[in-house]
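A short worksheet on the structure shown next.
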Amino acid sequence: MTILGIGVDVLHLPRLTRHLADNRLAKRILSPVELREYLSLPKEDHGRRIRFLGVRWAVKEAVYKAVYPVVKPTWQDFTLQRLAGSPKPDLTYHPRDSLLLLRLGRIHTSASHDGDYAFATVIVEQSNQT
């Protein structure tokens, strides 16, 4: 395994509190799959909504740091979900130009939140096809 890049990010979750009133931030940074899941969360459950947005913000910041300048993704080019039957996060890359998929290898993701902080680490392997 050859590592293309490593990215980390820490986010102070209260920074997102003001963005809960409308969904502009969610619509900007979440993929369509993530946005559907976010909008299904109860509006009155601010803590859960902030953690949902915060973890994805941190993961996407971390992956950007790991892949730039090999690829220059948008926020919505990545989707963070749980693997079926597992607490392990799965980060998938789905660029608008499918040829960009060939530039990245496997993506390893770790994300957590504790108190007022969300943490993310992403390791991206170099593609075998470049």
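Please note that chains go A, B, ... in the order of the structure tokens, that every chain numbers its residues from 1, and that ligands are numbered from 1 in the order shown.
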May I have a table of the residues of region 49-115 of chain A lying at most 10 Å from region 18-36 of chain A, giving each one's closest pair of atoms and their distance in Å to one decimal, counting only C-alpha atoms, ordered by chain and ascending residue number, as a tab-separated table?
residue	atom	partner	partner_atom	distance
A:Arg49	CA	A:Leu20	CA	7.8
A:Ile50	CA	A:Leu20	CA	7.6
A:Phe52	CA	A:Glu34	CA	9.2
A:Leu53	CA	A:Ala26	CA	7.0
A:Arg56	CA	A:Leu30	CA	7.7
A:Trp57	CA	A:Ile29	CA	7.3
A:Lys60	CA	A:Ile29	CA	8.5
A:Thr74	CA	A:Ile29	CA	8.2
A:Trp75	CA	A:Ile29	CA	4.8
A:Gln76	CA	A:Ser31	CA	4.4
A:Asp77	CA	A:Ser31	CA	6.9
A:Phe78	CA	A:Ser31	CA	6.7
A:Thr79	CA	A:Ser31	CA	5.8
A:Leu80	CA	A:Glu34	CA	7.3
A:Gln81	CA	A:Glu34	CA	7.8
A:His94	CA	A:Ser31	CA	9.5
List every residue of chain A that DSSP, applied to the backbone of this structure, assigns to strand (DSSP E or B), and report them as a PyMOL selection string.
-> chain A and resi 3-12+78-82+89-93+104-114+117-126
Do you know which residues are at most 10 Å from Tyr68 (chain A) counting only C-alpha atoms, after dropping those on the same chain fewer than 6 positions away, and could you put them as an MDAnalysis selection string?
-> chainID A and resid 4:5 7
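Using only C-alpha atoms for every distance, the candidate list A:His113, A:Arg103, A:Lys88, A:His108 yields A:His108 as the residue closest to Ala62 (chain A).
Nearest to Lys65 (chain A) of all the residues A:Ser112, A:Arg106, A:Asp9, A:His46 is A:Asp9, based on only C-alpha atoms.
Pairwise distance (CA of Arg48 (chain A), CA of Ile123 (chain A)) equals 26.1 Å.
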Within 10 Å of Asn128 (chain A), counting only C-alpha atoms, which residues show up once you throw out same-chain ones fewer than 6 positions away? Write them as a PyMOL selection string, please.
-> chain A and resi 1-2+102-106
Just write the chosen residues, all heavy atoms, as a compact mmCIF listing (two decimals), in the first residue's frame.
# COMPACT_ATOMS: atom_id res chain seq x y z
N MET A 1 0.85 -1.18 0.00
CA MET A 1 0.00 0.00 0.00
C MET A 1 0.88 1.23 0.00
O MET A 1 1.71 1.40 0.88
CB MET A 1 -0.92 -0.01 1.23
CG MET A 1 -1.54 1.33 1.51
SD MET A 1 -2.67 1.43 2.92
CE MET A 1 -1.55 1.53 4.29
N THR A 2 0.70 2.07 -0.99
CA THR A 2 1.38 3.36 -1.05
C THR A 2 0.37 4.43 -0.67
O THR A 2 -0.73 4.49 -1.24
CB THR A 2 1.93 3.63 -2.46
OG1 THR A 2 2.81 2.57 -2.81
CG2 THR A 2 2.68 4.94 -2.51
N LEU A 102 -10.24 6.94 -10.97
CA LEU A 102 -9.01 6.20 -11.21
C LEU A 102 -7.81 6.80 -10.50
O LEU A 102 -6.77 6.17 -10.38
CB LEU A 102 -8.73 6.12 -12.72
CG LEU A 102 -9.82 5.47 -13.56
CD1 LEU A 102 -9.46 5.55 -15.04
CD2 LEU A 102 -10.05 4.03 -13.14
N ARG A 103 -7.93 8.03 -10.03
CA ARG A 103 -6.80 8.71 -9.39
C ARG A 103 -6.62 8.35 -7.92
O ARG A 103 -5.57 8.61 -7.35
CB ARG A 103 -6.95 10.22 -9.52
CG ARG A 103 -6.86 10.68 -10.95
CD ARG A 103 -6.82 12.17 -11.00
NE ARG A 103 -6.68 12.62 -12.38
CZ ARG A 103 -6.60 13.88 -12.70
NH1 ARG A 103 -6.64 14.82 -11.78
NH2 ARG A 103 -6.47 14.22 -13.96
N LEU A 104 -7.67 7.79 -7.31
CA LEU A 104 -7.60 7.47 -5.88
C LEU A 104 -7.72 5.98 -5.66
O LEU A 104 -8.46 5.29 -6.36
CB LEU A 104 -8.73 8.17 -5.11
CG LEU A 104 -8.83 9.68 -5.20
CD1 LEU A 104 -9.96 10.17 -4.32
CD2 LEU A 104 -7.52 10.34 -4.83
N GLY A 105 -7.01 5.49 -4.65
CA GLY A 105 -7.15 4.11 -4.22
C GLY A 105 -8.16 4.03 -3.08
O GLY A 105 -9.06 4.87 -2.98
N ARG A 106 -7.96 3.08 -2.20
CA ARG A 106 -8.87 2.91 -1.06
C ARG A 106 -8.81 4.12 -0.13
O ARG A 106 -7.75 4.74 0.03
CB ARG A 106 -8.51 1.66 -0.28
CG ARG A 106 -8.85 0.39 -1.06
CD ARG A 106 -8.62 -0.86 -0.24
NE ARG A 106 -9.40 -0.79 0.99
CZ ARG A 106 -9.12 -1.47 2.09
NH1 ARG A 106 -8.09 -2.27 2.14
NH2 ARG A 106 -9.89 -1.36 3.15
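For the pair CA of Val122 (chain A) and CA of Pro42 (chain A), the interatomic distance is 29.0 Å.
Across the structure, CA of Ser98 (chain A) and CA of Ser127 (chain A) are spaced 14.1 Å apart.
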DSSP helix (DSSP H, G or I) selection over chain A, as a ChimeraX atom specification = /A:13-19,24-29,32-40,46-67,75-77,98-103
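For the residues A:Val59, A:Asp45, A:Arg15, A:Tyr38, ranking by smallest atom-to-atom distance to Ala120 (chain A) using only C-alpha atoms places A:Val59 first.
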